[in-house]
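Only one structure is covered here, and it is reproduced in the block below.
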Amino acid sequence: RNRLTIFALIVAFSLFSFYFTYGSNRSSGGTFQVPNPENCEKGNSIFVNRTVEKIVEKIVLVNATNGEALQSKLYDSPSVAVMIVAYDRPDYLKRTLESVLKYAPKDIPIIVFQDARDERVAEVARSFPRVAHFQNLYRSIQKQSANELDGYYHLANNYKFGFETVFDRLKYEFAIVLEDDLEVSPDFFDYMMGLLPLLDRDESLFCISAWNDNGRPPLIEDPEALYRTDFFPGLGWMLKRSFWHELSPVWPKAYWDDWLRNRKRKGDRSCIRPEISRTFTFGSSGTSNGQFYYQYLAKMKLNDQKIPWLEKDLSYLEKERYDAYLDQKVKDSVVVENLKEIPKEKVEKSFVLHYQNNFQSIARELGLMDDPKDEVWRTGYKGIVSLRYNSNLLMLVP
């Protein structure tokens, strides 16, 4: 009897400990409050990681149309996860999730990574049965200057938390990254999945982006046109786990997107971007206080056509083939001295306008974003910025 009593006490204590660690980290509606492993003792960090895996493994994706559970669990779906970074904008998150779930394939998991404890945001995430919701409660920051905004530090920390969860704990091979102020196009997921094999095999690429920094009319026209770019666009993009493993040891404490635009980070690697954006940002308020929003971002066009990307041969975007094509295109184009020389109607020719130290003046005349990052112009590839002018392809060439 004494042995049985001792055994019962051990079992009871183990169950209590498991509930205290596992159960207390989980709130209702598929929300998982996971502490940052860096803030845990070494032994607990491993347990927390395993807890995250156990929790997510138990999530069953639900068909939002008829409520029927899908056969595959989160772990059994393709090696791609969608991560949505959120903070304190519940209405924004709701709009984003409605857009994403309207077009997302039902075997791709949607995971919201919420920074901090805003219950309104948590309620929105919990209101979508198919969405997994993680809260990042580790918010300690060390700013370099008292004048810096806290938000940039919290945002970088939440991105790190999301990447660590998706890649290091859940072992997905690819992540499609969105923020809580983006809508997606009808072909957004076909676009990403169609280009995934290229990202997987082409070592000269580090991301697939859905965004064109100059993607407003009349600078765009062709919904099927794709380009390589040396500028990291962000605002809806996909990366591989192997690239995250390069970044994770040196991940910045703040300003993660401009940090990623530094050529030391990406080396000679590029991204793919569309001529017409597959995302649209409605984020007039947020960490950046609406920087560029009304001047540029609010005027961007979201593609409204469903292009069958999965049926297309996109191998022409491989570096060697694309570089040869671009070199020939520049040679075959008509060189103009100014914009007035370009016909006002669409013709069969493309045009080249050379620049030296006058790029910003040309950009302002065209209405392009004219702020370089690490001496790379937005959308530029090998210094060449491609756009439409009077519906004709115009290349600004150094």
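Ligands are numbered from 1 in the order shown, chains are lettered A, B, ... in the order of the structure tokens, and residues start at 1 in each chain.
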*Among region 124-357 of chain A, which residues carry a DSSP assignment of helix (DSSP H, G or I), reported as a PyMOL selection string?*
chain A and resi 124-126+150-169+188-201+241-250+256-260+263-266+297-299+309-311+315-317+319-332+339-341
Please produce an output containing C-alpha atoms for each residue in the selection, written as a PDB file, in the first residue's frame.
```
ATOM      1  CA  VAL A 124      -9.873  38.041 -33.798  1.00  0.00           C
ATOM      2  CA  ALA A 125      -7.301  35.274 -34.290  1.00  0.00           C
ATOM      3  CA  ARG A 126      -9.384  32.845 -32.235  1.00  0.00           C
ATOM      4  CA  ASP A 150      10.149  50.941 -29.349  1.00  0.00           C
ATOM      5  CA  GLY A 151       7.997  49.455 -32.093  1.00  0.00           C
ATOM      6  CA  TYR A 152      10.885  48.700 -34.432  1.00  0.00           C
ATOM      7  CA  TYR A 153      12.557  46.633 -31.697  1.00  0.00           C
ATOM      8  CA  HIS A 154       9.398  44.745 -30.767  1.00  0.00           C
ATOM      9  CA  LEU A 155       8.690  44.059 -34.442  1.00  0.00           C
ATOM     10  CA  ALA A 156      12.147  42.582 -35.064  1.00  0.00           C
ATOM     11  CA  ASN A 157      11.785  40.460 -31.937  1.00  0.00           C
ATOM     12  CA  ASN A 158       8.382  39.157 -33.032  1.00  0.00           C
ATOM     13  CA  TYR A 159       9.709  38.275 -36.479  1.00  0.00           C
ATOM     14  CA  LYS A 160      12.511  36.335 -34.835  1.00  0.00           C
ATOM     15  CA  PHE A 161       9.995  34.509 -32.642  1.00  0.00           C
ATOM     16  CA  GLY A 162       7.916  33.635 -35.711  1.00  0.00           C
ATOM     17  CA  PHE A 163      10.858  32.380 -37.746  1.00  0.00           C
ATOM     18  CA  GLU A 164      12.212  30.327 -34.850  1.00  0.00           C
ATOM     19  CA  THR A 165       8.814  28.727 -34.347  1.00  0.00           C
ATOM     20  CA  VAL A 166       8.139  27.970 -38.026  1.00  0.00           C
ATOM     21  CA  PHE A 167      11.634  26.864 -38.997  1.00  0.00           C
ATOM     22  CA  ASP A 168      13.441  25.680 -35.866  1.00  0.00           C
ATOM     23  CA  ARG A 169      10.594  24.131 -33.866  1.00  0.00           C
ATOM     24  CA  PHE A 188      -1.216  35.049 -54.544  1.00  0.00           C
ATOM     25  CA  PHE A 189      -0.819  31.441 -53.443  1.00  0.00           C
ATOM     26  CA  ASP A 190      -0.509  30.072 -56.989  1.00  0.00           C
ATOM     27  CA  TYR A 191       2.175  32.714 -57.540  1.00  0.00           C
ATOM     28  CA  MET A 192       4.104  31.637 -54.454  1.00  0.00           C
ATOM     29  CA  MET A 193       3.732  27.909 -55.041  1.00  0.00           C
ATOM     30  CA  GLY A 194       4.542  28.263 -58.730  1.00  0.00           C
ATOM     31  CA  LEU A 195       7.818  30.000 -57.880  1.00  0.00           C
ATOM     32  CA  LEU A 196       8.715  27.789 -54.903  1.00  0.00           C
ATOM     33  CA  PRO A 197      10.661  25.232 -57.003  1.00  0.00           C
ATOM     34  CA  LEU A 198      12.739  28.057 -58.461  1.00  0.00           C
ATOM     35  CA  LEU A 199      13.563  29.406 -54.993  1.00  0.00           C
ATOM     36  CA  ASP A 200      14.412  25.876 -53.886  1.00  0.00           C
ATOM     37  CA  ARG A 201      16.888  25.124 -56.653  1.00  0.00           C
ATOM     38  CA  ARG A 241      14.663  27.608 -43.811  1.00  0.00           C
ATOM     39  CA  SER A 242      18.318  27.448 -44.902  1.00  0.00           C
ATOM     40  CA  PHE A 243      18.332  31.229 -45.443  1.00  0.00           C
ATOM     41  CA  TRP A 244      16.848  31.788 -41.994  1.00  0.00           C
ATOM     42  CA  HIS A 245      19.658  29.701 -40.523  1.00  0.00           C
ATOM     43  CA  GLU A 246      22.111  32.131 -42.100  1.00  0.00           C
ATOM     44  CA  LEU A 247      20.286  35.103 -40.607  1.00  0.00           C
ATOM     45  CA  SER A 248      19.364  33.793 -37.165  1.00  0.00           C
ATOM     46  CA  PRO A 249      22.780  34.039 -35.469  1.00  0.00           C
ATOM     47  CA  VAL A 250      23.042  37.736 -36.393  1.00  0.00           C
ATOM     48  CA  TRP A 256      15.116  44.123 -39.668  1.00  0.00           C
ATOM     49  CA  ASP A 257      13.963  44.959 -43.222  1.00  0.00           C
ATOM     50  CA  ASP A 258      16.627  47.583 -43.942  1.00  0.00           C
ATOM     51  CA  TRP A 259      19.169  45.291 -42.278  1.00  0.00           C
ATOM     52  CA  LEU A 260      18.196  42.568 -44.751  1.00  0.00           C
ATOM     53  CA  ARG A 263      24.430  43.528 -49.313  1.00  0.00           C
ATOM     54  CA  LYS A 264      26.509  41.903 -46.585  1.00  0.00           C
ATOM     55  CA  ARG A 265      23.403  39.976 -45.531  1.00  0.00           C
ATOM     56  CA  LYS A 266      22.288  38.653 -48.895  1.00  0.00           C
ATOM     57  CA  LEU A 297       1.618  52.899 -50.992  1.00  0.00           C
ATOM     58  CA  ALA A 298      -2.074  53.806 -51.091  1.00  0.00           C
ATOM     59  CA  LYS A 299      -1.831  54.195 -54.885  1.00  0.00           C
ATOM     60  CA  TRP A 309       1.262  30.167 -62.366  1.00  0.00           C
ATOM     61  CA  LEU A 310       1.374  26.465 -61.564  1.00  0.00           C
ATOM     62  CA  GLU A 311       1.058  25.686 -65.278  1.00  0.00           C
ATOM     63  CA  SER A 315      12.784  28.653 -65.647  1.00  0.00           C
ATOM     64  CA  TYR A 316      13.527  31.786 -67.683  1.00  0.00           C
ATOM     65  CA  LEU A 317      13.980  33.520 -64.304  1.00  0.00           C
ATOM     66  CA  LYS A 319      20.018  33.712 -63.168  1.00  0.00           C
ATOM     67  CA  GLU A 320      22.019  32.685 -66.228  1.00  0.00           C
ATOM     68  CA  ARG A 321      19.038  32.733 -68.575  1.00  0.00           C
ATOM     69  CA  TYR A 322      17.564  35.907 -67.118  1.00  0.00           C
ATOM     70  CA  ASP A 323      20.874  37.802 -67.234  1.00  0.00           C
ATOM     71  CA  ALA A 324      21.398  36.853 -70.872  1.00  0.00           C
ATOM     72  CA  TYR A 325      17.822  37.900 -71.704  1.00  0.00           C
ATOM     73  CA  LEU A 326      18.222  41.240 -69.903  1.00  0.00           C
ATOM     74  CA  ASP A 327      21.553  42.032 -71.573  1.00  0.00           C
ATOM     75  CA  GLN A 328      20.044  41.342 -74.990  1.00  0.00           C
ATOM     76  CA  LYS A 329      16.924  43.331 -74.164  1.00  0.00           C
ATOM     77  CA  VAL A 330      18.995  46.382 -73.272  1.00  0.00           C
ATOM     78  CA  LYS A 331      21.029  46.049 -76.509  1.00  0.00           C
ATOM     79  CA  ASP A 332      17.890  45.727 -78.631  1.00  0.00           C
ATOM     80  CA  LEU A 339      11.130  60.865 -71.569  1.00  0.00           C
ATOM     81  CA  LYS A 340       9.659  63.071 -74.280  1.00  0.00           C
ATOM     82  CA  GLU A 341      11.259  60.851 -76.924  1.00  0.00           C
TER      83      GLU A 341
END
```
*Find the spatial neighbours of Arg228 (chain A), counting only C-alpha atoms, within a cut-off of 7 Å - ignore same-chain residues fewer than 5 positions away - and output them as JSON, numbers by chain.*
{"A": [270, 271, 272, 273, 381]}
Write to file, as an mmCIF file, in the first residue's frame, the residues of the selection just made, with C-alpha atoms.
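See part_27.cif below for the written result:
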```
data_model
loop_
_atom_site.group_PDB
_atom_site.id
_atom_site.type_symbol
_atom_site.label_atom_id
_atom_site.label_comp_id
_atom_site.auth_asym_id
_atom_site.auth_seq_id
_atom_site.Cartn_x
_atom_site.Cartn_y
_atom_site.Cartn_z
ATOM 1 C CA SER A 270 18.310 38.406 -55.488
ATOM 2 C CA CYS A 271 14.526 38.144 -55.226
ATOM 3 C CA ILE A 272 11.767 37.623 -57.773
ATOM 4 C CA ARG A 273 9.116 40.341 -57.892
ATOM 5 C CA TYR A 381 18.635 44.611 -60.770
#
```
*Using only C-alpha atoms, which residue out of A:Val82, A:Met369, A:Leu394, A:Ala104 lies closest to Trp237 (chain A)?*
A:Val82
*Do you know which residues are at most 9 Å from region 91-95 of chain A counting only C-alpha atoms, after dropping those on the same chain fewer than 4 positions away, and could you put them as JSON, numbers by chain?*
{"A": [84, 86, 87, 99, 100, 120, 121, 124, 125, 179, 180, 181, 182, 183, 282, 283]}
Selected residues written out, N, CA and C atoms, as a PDB file, in the first residue's frame:
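The result, stored in selection-v1.pdb:
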```pdb
ATOM      1  N   ILE A  84       1.747  35.215 -40.132  1.00  0.00           N
ATOM      2  CA  ILE A  84       1.221  36.580 -40.161  1.00  0.00           C
ATOM      3  C   ILE A  84       1.647  37.262 -38.863  1.00  0.00           C
ATOM      4  N   ALA A  86       1.528  40.178 -36.179  1.00  0.00           N
ATOM      5  CA  ALA A  86       0.484  41.097 -35.727  1.00  0.00           C
ATOM      6  C   ALA A  86       0.880  41.725 -34.398  1.00  0.00           C
ATOM      7  N   TYR A  87       0.217  42.862 -34.092  1.00  0.00           N
ATOM      8  CA  TYR A  87       0.479  43.526 -32.811  1.00  0.00           C
ATOM      9  C   TYR A  87      -0.831  43.998 -32.170  1.00  0.00           C
ATOM     10  N   SER A  99      -8.930  38.014 -46.188  1.00  0.00           N
ATOM     11  CA  SER A  99      -8.351  37.979 -47.525  1.00  0.00           C
ATOM     12  C   SER A  99      -7.534  36.704 -47.736  1.00  0.00           C
ATOM     13  N   VAL A 100      -6.691  36.370 -46.769  1.00  0.00           N
ATOM     14  CA  VAL A 100      -5.834  35.190 -46.893  1.00  0.00           C
ATOM     15  C   VAL A 100      -6.666  33.915 -46.979  1.00  0.00           C
ATOM     16  N   ARG A 120      -8.023  42.059 -27.854  1.00  0.00           N
ATOM     17  CA  ARG A 120      -8.847  42.263 -29.054  1.00  0.00           C
ATOM     18  C   ARG A 120      -8.239  41.527 -30.247  1.00  0.00           C
ATOM     19  N   VAL A 121      -6.929  41.577 -30.358  1.00  0.00           N
ATOM     20  CA  VAL A 121      -6.231  40.876 -31.441  1.00  0.00           C
ATOM     21  C   VAL A 121      -6.358  39.374 -31.254  1.00  0.00           C
ATOM     22  N   VAL A 124      -9.747  38.127 -32.339  1.00  0.00           N
ATOM     23  CA  VAL A 124      -9.873  38.041 -33.798  1.00  0.00           C
ATOM     24  C   VAL A 124      -9.220  36.764 -34.297  1.00  0.00           C
ATOM     25  N   ALA A 125      -8.006  36.487 -33.845  1.00  0.00           N
ATOM     26  CA  ALA A 125      -7.301  35.274 -34.290  1.00  0.00           C
ATOM     27  C   ALA A 125      -8.087  34.028 -33.903  1.00  0.00           C
ATOM     28  N   GLU A 179       2.151  40.549 -43.035  1.00  0.00           N
ATOM     29  CA  GLU A 179       1.871  41.335 -41.843  1.00  0.00           C
ATOM     30  C   GLU A 179       0.378  41.607 -41.781  1.00  0.00           C
ATOM     31  N   ASP A 180      -0.057  42.152 -40.654  1.00  0.00           N
ATOM     32  CA  ASP A 180      -1.483  42.284 -40.390  1.00  0.00           C
ATOM     33  C   ASP A 180      -2.124  43.502 -41.042  1.00  0.00           C
ATOM     34  N   ASP A 181      -1.541  43.979 -42.131  1.00  0.00           N
ATOM     35  CA  ASP A 181      -2.152  45.091 -42.874  1.00  0.00           C
ATOM     36  C   ASP A 181      -2.065  44.847 -44.382  1.00  0.00           C
ATOM     37  N   LEU A 182      -2.108  43.566 -44.765  1.00  0.00           N
ATOM     38  CA  LEU A 182      -1.982  43.211 -46.173  1.00  0.00           C
ATOM     39  C   LEU A 182      -3.184  42.418 -46.663  1.00  0.00           C
ATOM     40  N   GLU A 183      -3.631  42.729 -47.864  1.00  0.00           N
ATOM     41  CA  GLU A 183      -4.572  41.889 -48.593  1.00  0.00           C
ATOM     42  C   GLU A 183      -3.803  41.175 -49.691  1.00  0.00           C
ATOM     43  N   PHE A 282      -2.933  48.249 -46.602  1.00  0.00           N
ATOM     44  CA  PHE A 282      -3.890  49.275 -46.179  1.00  0.00           C
ATOM     45  C   PHE A 282      -3.457  49.867 -44.837  1.00  0.00           C
ATOM     46  N   GLY A 283      -2.183  49.656 -44.480  1.00  0.00           N
ATOM     47  CA  GLY A 283      -1.687  50.070 -43.176  1.00  0.00           C
ATOM     48  C   GLY A 283      -1.290  51.529 -43.105  1.00  0.00           C
TER      49      GLY A 283
END
```
*Return the single residue from A:Phe232, A:Ser185, A:Ala363, A:Tyr389 that is closest to Ile307 (chain A), with distances computed using only C-alpha atoms.*
A:Ser185
*Which distance in Å separates CA of Ser386 (chain A) and CA of Phe174 (chain A), to one decimal?*
28.3 Å
*Which residues in region 60-302 of chain A does DSSP call strand (DSSP E)? List them as a PyMOL selection string.*
chain A and resi 60-62+69-73+80-86+110-115+131-136+174-179+182-184+205-209+226-229+237-240+270-274+279-281
_Residues within 7 Å of region 207-224 of chain A, only C-alpha atoms, excluding chain neighbours under 2 positions, as a ChimeraX atom specification_ = /A:199,205,226,233-239,271-279,299-301,303,368-369,378-379,387-389,391
*Find the residues near region 347-356 of chain A: any atom within 7 Å, counting only C-alpha atoms, skip ones fewer than 2 places away on the same chain, and give them as an MDAnalysis selection string.*
chainID A and resid 330 333:338 345 358:359 392:398
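Distances to Glu98 (chain A) were evaluated for A:Ile342, A:Met83, A:Val131, A:Val177 using only C-alpha atoms, and the minimum falls at A:Val131.
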